[in-house]
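Peer 1: What follows is work-v7.cif, mmCIF, C-alpha atoms.
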```
data_model
loop_
_atom_site.label_atom_id
_atom_site.label_comp_id
_atom_site.auth_asym_id
_atom_site.auth_seq_id
_atom_site.Cartn_x
_atom_site.Cartn_y
_atom_site.Cartn_z
CA MET A 16 -101.77 -126.88 1.68
CA LEU A 17 -105.55 -126.64 1.20
CA ILE A 18 -106.03 -130.30 2.14
CA ASN A 19 -104.12 -129.77 5.40
CA PHE A 20 -106.20 -126.70 6.13
CA ILE A 21 -109.56 -128.44 5.74
CA SER A 22 -108.34 -131.58 7.55
CA PRO A 23 -106.99 -130.26 10.85
CA GLY A 24 -105.40 -132.60 13.33
CA VAL A 25 -104.98 -132.58 17.10
CA ILE A 26 -101.86 -130.40 16.88
CA ASP A 27 -103.81 -127.80 14.91
CA PHE A 28 -106.46 -127.60 17.61
CA ILE A 29 -103.78 -127.27 20.29
CA ASP A 30 -102.12 -124.55 18.23
CA ILE A 31 -105.38 -122.61 17.93
CA LEU A 32 -106.13 -122.96 21.65
CA LEU A 33 -102.65 -121.73 22.62
CA VAL A 34 -102.91 -118.73 20.31
CA ALA A 35 -106.39 -117.93 21.69
CA PHE A 36 -105.10 -118.21 25.27
CA ILE A 37 -102.16 -115.90 24.60
CA MET A 38 -104.38 -113.38 22.84
CA TYR A 39 -106.78 -113.41 25.79
CA GLN A 40 -103.98 -112.82 28.29
CA VAL A 41 -102.64 -109.95 26.20
CA TYR A 42 -106.14 -108.44 26.04
CA TYR A 43 -106.53 -108.86 29.81
CA LEU A 44 -103.29 -106.98 30.45
CA ILE A 45 -103.90 -104.04 28.11
CA LYS A 46 -107.66 -103.53 28.46
CA GLY A 47 -108.51 -100.03 29.53
CA THR A 48 -105.13 -98.63 28.45
CA VAL A 49 -104.00 -96.57 25.48
CA ALA A 50 -102.12 -99.63 24.24
CA TYR A 51 -105.45 -101.35 23.58
CA ASN A 52 -106.16 -99.11 20.58
CA ILE A 53 -102.69 -99.80 19.20
CA PHE A 54 -103.27 -103.53 19.70
CA VAL A 55 -106.56 -103.40 17.78
CA GLY A 56 -104.83 -101.57 14.92
CA ILE A 57 -102.10 -104.20 14.75
CA ILE A 58 -104.64 -107.02 14.66
CA ALA A 59 -106.46 -105.24 11.82
CA ILE A 60 -103.22 -104.95 9.82
CA LEU A 61 -102.42 -108.63 10.41
CA LEU A 62 -105.87 -109.73 9.27
CA LEU A 63 -105.55 -107.55 6.19
CA TYR A 64 -102.14 -109.05 5.46
CA PHE A 65 -103.46 -112.63 5.71
CA PHE A 66 -106.39 -111.71 3.49
CA VAL A 67 -104.32 -110.14 0.68
CA ASP A 68 -101.77 -112.93 0.96
CA PHE A 69 -104.56 -115.50 0.54
CA LEU A 70 -105.76 -113.63 -2.56
CA GLN A 71 -102.15 -113.55 -3.82
CA MET A 72 -102.09 -109.77 -4.16
CA LYS A 73 -98.33 -109.66 -4.39
CA LEU A 74 -97.69 -105.92 -4.29
CA LEU A 75 -99.91 -105.14 -1.31
CA SER A 76 -98.84 -108.34 0.37
CA SER A 77 -95.15 -107.43 0.06
CA ILE A 78 -95.80 -103.91 1.40
CA LEU A 79 -97.72 -105.18 4.43
CA GLY A 80 -95.19 -107.96 4.98
CA GLY A 81 -92.34 -105.46 5.03
CA LEU A 82 -94.29 -103.25 7.41
CA ILE A 83 -94.96 -106.13 9.78
CA GLY A 84 -91.39 -107.44 9.62
CA GLY A 85 -89.77 -104.07 10.15
CA GLY A 86 -92.19 -103.10 12.89
CA ALA A 87 -91.23 -105.89 15.28
CA ILE A 88 -88.65 -103.75 17.09
CA ALA A 89 -91.05 -100.80 17.14
CA LEU A 90 -93.70 -102.99 18.76
CA ILE A 91 -91.28 -104.02 21.50
CA ILE A 92 -90.60 -100.36 22.23
CA LEU A 93 -94.30 -99.41 22.15
CA PHE A 94 -95.40 -102.33 24.31
CA GLN A 95 -92.40 -102.56 26.65
CA GLN A 96 -94.56 -101.90 29.71
CA GLU A 97 -97.19 -104.42 28.64
CA ILE A 98 -94.50 -107.02 27.81
CA ARG A 99 -93.03 -106.51 31.26
CA ARG A 100 -96.45 -106.97 32.84
CA PHE A 101 -97.04 -110.13 30.82
CA LEU A 102 -93.72 -111.66 31.89
CA VAL A 103 -94.37 -110.76 35.53
CA PHE A 104 -97.87 -112.25 35.21
CA VAL A 105 -96.54 -115.53 33.79
CA GLY A 106 -93.71 -115.78 36.30
CA THR A 107 -95.84 -115.12 39.35
CA ARG A 108 -99.05 -116.93 38.38
CA TYR A 109 -97.63 -120.13 36.92
CA PHE A 110 -94.39 -120.30 38.91
CA PRO A 111 -95.47 -118.92 42.29
CA GLN A 112 -93.50 -118.43 45.47
CA GLY A 113 -90.15 -118.96 43.79
CA LYS A 114 -90.57 -122.73 43.67
CA PHE A 115 -88.24 -123.04 40.70
CA SER A 116 -85.57 -120.65 41.96
CA LEU A 117 -82.07 -121.75 42.89
CA ASP A 118 -82.58 -120.30 46.34
CA HIS A 119 -85.60 -122.54 46.86
CA LEU A 120 -83.75 -125.64 45.68
CA LEU A 121 -80.80 -125.03 48.00
CA ARG A 122 -82.87 -124.04 51.01
CA ASN A 123 -83.72 -126.59 53.67
CA GLN A 124 -87.35 -127.52 53.05
CA LYS A 125 -88.06 -127.55 56.79
CA GLU A 126 -86.83 -123.99 57.21
CA ALA A 127 -89.73 -121.71 58.04
CA LYS A 128 -90.04 -118.64 55.90
CA GLU A 129 -90.43 -115.36 57.74
CA GLN A 130 -94.02 -114.27 57.50
CA VAL A 131 -95.61 -110.85 57.40
CA ARG A 132 -97.03 -109.37 60.58
CA ILE A 133 -100.30 -108.31 59.05
CA ALA A 134 -101.77 -107.20 62.40
CA SER A 135 -99.51 -104.15 62.43
CA ILE A 136 -100.46 -103.22 58.88
CA HIS A 137 -104.15 -103.80 59.55
CA LYS A 138 -104.14 -101.67 62.69
CA ALA A 139 -102.18 -98.84 61.07
CA CYS A 140 -104.48 -98.69 58.04
CA LEU A 141 -107.63 -98.65 60.17
CA ASN A 142 -106.27 -95.83 62.34
CA MET A 143 -105.24 -93.82 59.28
CA SER A 144 -108.63 -94.46 57.71
CA LYS A 145 -110.40 -93.00 60.76
CA THR A 146 -108.23 -89.87 60.71
CA LYS A 147 -108.30 -89.63 56.88
CA THR A 148 -104.55 -89.86 56.66
CA GLY A 149 -103.45 -90.69 53.12
CA ALA A 150 -101.17 -93.71 52.80
CA LEU A 151 -99.62 -95.88 50.12
CA ILE A 152 -98.15 -99.20 51.26
CA VAL A 153 -96.39 -101.60 48.89
CA MET A 154 -95.85 -105.15 50.16
CA ALA A 155 -93.16 -107.00 48.22
CA ARG A 156 -93.52 -110.57 47.03
CA GLN A 157 -91.30 -112.27 44.44
CA SER A 158 -90.59 -109.26 42.22
CA SER A 159 -87.65 -107.11 43.26
CA LEU A 160 -88.62 -103.60 44.33
CA ASP A 161 -85.06 -102.33 44.79
CA LEU A 162 -85.36 -100.00 41.81
CA TYR A 163 -88.37 -98.27 43.38
CA ALA A 164 -86.87 -98.28 46.88
CA GLU A 165 -83.87 -96.35 45.60
CA THR A 166 -86.15 -93.47 44.56
CA GLY A 167 -86.98 -92.81 48.22
CA ASP A 168 -85.23 -92.79 51.58
CA ILE A 169 -83.82 -96.15 52.70
CA LEU A 170 -84.99 -96.95 56.25
CA ASN A 171 -84.59 -100.70 56.74
CA SER A 172 -86.46 -100.41 60.02
CA GLU A 173 -88.60 -102.74 62.06
CA MET A 174 -92.26 -102.71 61.17
CA SER A 175 -94.97 -101.65 63.60
CA SER A 176 -98.28 -99.85 63.36
CA ARG A 177 -96.88 -96.79 65.19
CA ILE A 178 -93.98 -96.44 62.77
CA ILE A 179 -96.24 -96.77 59.73
CA GLU A 180 -98.64 -94.15 61.11
CA SER A 181 -95.81 -91.77 62.00
CA ILE A 182 -94.40 -91.98 58.47
CA PHE A 183 -97.70 -90.93 56.89
CA MET A 184 -98.46 -88.15 59.37
CA LYS A 185 -99.57 -85.04 57.53
CA ASN A 186 -96.78 -82.51 56.98
CA GLY A 187 -94.21 -85.14 57.96
CA PRO A 188 -90.99 -85.28 55.90
CA LEU A 189 -91.68 -88.85 54.71
CA HIS A 190 -95.45 -88.83 54.19
CA ASP A 191 -95.33 -88.03 50.46
CA GLY A 192 -94.91 -91.17 48.36
CA ALA A 193 -95.04 -94.87 49.20
CA ILE A 194 -93.41 -97.13 51.74
CA ILE A 195 -92.08 -100.52 50.69
CA ILE A 196 -92.37 -103.44 53.12
CA GLU A 197 -90.42 -106.65 52.70
CA ASN A 198 -89.77 -109.45 55.20
CA ASN A 199 -91.39 -107.53 58.07
CA ARG A 200 -89.15 -104.51 57.55
CA ILE A 201 -89.90 -101.09 56.15
CA VAL A 202 -87.28 -100.99 53.44
CA ALA A 203 -87.87 -97.44 52.24
CA ALA A 204 -90.25 -94.50 52.46
CA ARG A 205 -91.11 -91.55 50.20
CA CYS A 206 -90.75 -93.85 47.17
CA VAL A 207 -91.83 -92.81 43.69
CA LEU A 208 -94.00 -95.35 41.85
CA PRO A 209 -95.00 -95.60 38.18
CA PHE A 210 -98.49 -94.36 37.30
CA THR A 211 -100.95 -96.54 35.44
CA ASN A 212 -101.91 -95.62 31.87
CA ARG A 213 -105.51 -96.75 32.29
CA THR A 214 -107.96 -94.16 31.05
CA GLU A 215 -111.24 -95.51 32.44
CA LEU A 216 -110.50 -94.83 36.11
CA PRO A 217 -113.04 -92.45 37.70
CA PRO A 218 -111.71 -88.97 38.54
CA ILE A 219 -112.22 -89.60 42.26
CA TYR A 220 -109.06 -91.73 42.21
CA GLY A 221 -106.06 -89.44 42.34
CA MET A 222 -102.31 -89.90 42.01
CA ARG A 223 -102.06 -92.19 45.04
CA HIS A 224 -104.43 -94.76 43.54
CA ARG A 225 -102.93 -94.44 40.07
CA ALA A 226 -99.47 -95.07 41.52
CA GLY A 227 -100.75 -98.06 43.50
CA ILE A 228 -102.31 -99.60 40.40
CA GLY A 229 -99.19 -98.78 38.37
CA ILE A 230 -96.79 -100.65 40.67
CA SER A 231 -99.16 -103.62 40.76
CA GLU A 232 -99.14 -103.67 36.95
CA ASN A 233 -95.35 -103.76 36.77
CA THR A 234 -94.70 -106.15 39.66
CA ASP A 235 -96.51 -108.78 41.72
CA ALA A 236 -96.61 -106.49 44.75
CA PHE A 237 -99.67 -106.22 46.99
CA VAL A 238 -100.61 -102.55 47.40
CA ILE A 239 -102.74 -100.85 50.06
CA MET A 240 -104.05 -97.31 49.65
CA VAL A 241 -105.80 -95.15 52.23
CA SER A 242 -107.67 -92.20 50.75
CA GLU A 243 -106.97 -88.79 52.25
CA GLU A 244 -110.29 -87.39 50.99
CA ARG A 245 -112.67 -90.21 51.91
CA GLY A 246 -110.70 -92.28 54.40
CA ASP A 247 -111.56 -95.55 52.65
CA ILE A 248 -109.12 -98.41 52.14
CA SER A 249 -108.42 -99.83 48.69
CA ILE A 250 -106.25 -102.66 47.41
CA ALA A 251 -104.43 -103.04 44.10
CA GLU A 252 -103.11 -106.37 42.84
CA GLY A 253 -102.22 -107.49 39.34
CA GLY A 254 -103.34 -104.17 37.91
CA GLU A 255 -106.84 -104.53 39.39
CA LEU A 256 -108.26 -102.12 41.95
CA MET A 257 -110.53 -103.22 44.79
CA PRO A 258 -111.87 -99.95 46.23
CA GLY A 259 -113.62 -99.15 49.49
CA ILE A 260 -113.28 -102.48 51.29
CA SER A 261 -114.68 -102.97 54.78
CA GLU A 262 -112.66 -103.62 57.93
CA ASP A 263 -113.59 -107.32 58.06
CA GLU A 264 -112.95 -107.79 54.35
CA PHE A 265 -109.58 -106.08 54.67
CA TRP A 266 -108.54 -108.45 57.46
CA HIS A 267 -109.79 -111.48 55.52
CA ILE A 268 -107.80 -110.49 52.42
CA LEU A 269 -104.61 -109.91 54.41
CA ASN A 270 -104.98 -113.32 56.06
CA LYS A 271 -105.59 -114.94 52.69
CA LYS A 272 -102.64 -113.31 50.95
CA PHE A 273 -100.11 -113.38 53.78
CA ALA A 274 -99.61 -115.97 56.50
CA THR A 275 -99.37 -114.76 60.10
CA PHE A 276 -97.36 -115.74 63.11
#
```
As structure tokens, what does this structure read like?
Peer 2:
Amino acid sequence: MLINFISPGVIDFIDILLVAFIMYQVYYLIKGTVAYNIFVGIIAILLLYFFVDFLQMKLLSSILGGLIGGGAIALIILFQQEIRRFLVFVGTRYFPQGKFSLDHLLRNQKEAKEQVRIASIHKACLNMSKTKTGALIVMARQSSLDLYAETGDILNSEMSSRIIESIFMKNGPLHDGAIIIENNRIVAARCVLPFTNRTELPPIYGMRHRAGIGISENTDAFVIMVSEERGDISIAEGGELMPGISEDEFWHILNKKFATF
């Protein structure tokens, strides 16, 4: 055992690198959240367990071992949101655009995929920014947003800048909440989104921005937020917020993320 430990092979280095990579990804997903403190506590308990086990302190080792073994289910419950985010992250980053889906395999490779009309979204957001009309737009990708669409009013309407602006008109019946856009159609409006648990966000970002970040943490959706107080446009993707982007930068990002006709 000791000889193997002091004479590591290639597999041992690969093992260490994989563990380090996974730990980094977990840290990336939970940084700035309440779960980070729980994660640090768990790591401390694990290190203590390895230490007492190495010293062959049988009583303390058995107590910590039982705690770790019995706490596996509790950890799944505590970190269910973070586990979901991690699985979405892996599925969308390393298997993008549904390349390994059955639908992709059966589809004719020459068939053109319907693309998002970003000009309508760009125009609507700029107009709402000038009038300081609050808006929350969720653009679907690979993750299903049906669960969130069902919390609002199903529209399934054609997408245009005028329709988007009319939905978010102040005092309108559908302006409160988010709209979900998929395949150039407004699937639903007045949708309720999950809030982020991040604690380091400045107080200037209200419920609209927290909801936008929250849905981007739980899915691979691309989220656009227009501030009602300041009129600036922000973007949330993968749990990260890009606040106060300029008109040209907004157009460049839309072109980069979504192909146009």
Peer 1: Could you list the residues chosen by the PyMOL selection byres ((chain A and resi 243-251) around 10) in this structure as a tab-separated table (two decimals) with C-alpha atoms, in the coordinates of the input?
Peer 2:
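As written to disk, part_18.tsv reads:
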```tsv
chain	number	residue	atom	x	y	z
A	140	CYS	CA	-104.48	-98.69	58.04
A	141	LEU	CA	-107.63	-98.65	60.17
A	142	ASN	CA	-106.27	-95.83	62.34
A	143	MET	CA	-105.24	-93.82	59.28
A	144	SER	CA	-108.63	-94.46	57.71
A	145	LYS	CA	-110.40	-93.00	60.76
A	146	THR	CA	-108.23	-89.87	60.71
A	147	LYS	CA	-108.30	-89.63	56.88
A	148	THR	CA	-104.55	-89.86	56.66
A	149	GLY	CA	-103.45	-90.69	53.12
A	150	ALA	CA	-101.17	-93.71	52.80
A	151	LEU	CA	-99.62	-95.88	50.12
A	152	ILE	CA	-98.15	-99.20	51.26
A	153	VAL	CA	-96.39	-101.60	48.89
A	185	LYS	CA	-99.57	-85.04	57.53
A	219	ILE	CA	-112.22	-89.60	42.26
A	220	TYR	CA	-109.06	-91.73	42.21
A	221	GLY	CA	-106.06	-89.44	42.34
A	223	ARG	CA	-102.06	-92.19	45.04
A	224	HIS	CA	-104.43	-94.76	43.54
A	225	ARG	CA	-102.93	-94.44	40.07
A	226	ALA	CA	-99.47	-95.07	41.52
A	227	GLY	CA	-100.75	-98.06	43.50
A	228	ILE	CA	-102.31	-99.60	40.40
A	229	GLY	CA	-99.19	-98.78	38.37
A	230	ILE	CA	-96.79	-100.65	40.67
A	231	SER	CA	-99.16	-103.62	40.76
A	232	GLU	CA	-99.14	-103.67	36.95
A	236	ALA	CA	-96.61	-106.49	44.75
A	237	PHE	CA	-99.67	-106.22	46.99
A	238	VAL	CA	-100.61	-102.55	47.40
A	239	ILE	CA	-102.74	-100.85	50.06
A	240	MET	CA	-104.05	-97.31	49.65
A	241	VAL	CA	-105.80	-95.15	52.23
A	242	SER	CA	-107.67	-92.20	50.75
A	252	GLU	CA	-103.11	-106.37	42.84
A	253	GLY	CA	-102.22	-107.49	39.34
A	254	GLY	CA	-103.34	-104.17	37.91
A	255	GLU	CA	-106.84	-104.53	39.39
A	256	LEU	CA	-108.26	-102.12	41.95
A	257	MET	CA	-110.53	-103.22	44.79
A	258	PRO	CA	-111.87	-99.95	46.23
A	259	GLY	CA	-113.62	-99.15	49.49
A	260	ILE	CA	-113.28	-102.48	51.29
A	261	SER	CA	-114.68	-102.97	54.78
A	262	GLU	CA	-112.66	-103.62	57.93
A	265	PHE	CA	-109.58	-106.08	54.67
A	268	ILE	CA	-107.80	-110.49	52.42
```
Peer 1: Taking the file as shown, what set of residues would the PyMOL selection byres ((chain A and resi 189-199) around 7) give back, as a PyMOL selection string?
Peer 2: chain A and resi 129-132+151-155+164+173-174+182-185+187-188+200-207
Peer 1: Give me the residues near A:Leu75 as a ChimeraX atom specification, where near means some atom within 10 Å (using only C-alpha atoms) and where sequence neighbours in that chain fewer than 5 positions away do not count.
Peer 2: /A:63-64,67-68,80-81
Peer 1: Quick one: of A:Ser175, A:Asn212, A:Ser159, A:Ser135, who's nearest to A:Leu269, counting all atoms listed in the file?
Peer 2: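 Looking at the shortest contact to A:Leu269, the residue is A:Ser135.
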Peer 1: Take atom CA of A:Val34 and atom CA of A:Asn233 and report the distance between them in Å, one decimal.
Peer 2: 23.5 Å
Peer 1: Mind pulling up the distance from atom CA of A:Phe210 to atom CA of A:Asp235?
Peer 2: 15.2 Å
Peer 1: Report, in Å with one decimal, the straight-line distance from atom CA of A:Glu165 to atom CA of A:Ala134.
Peer 2: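 Interatomic distance here is 26.8 Å.
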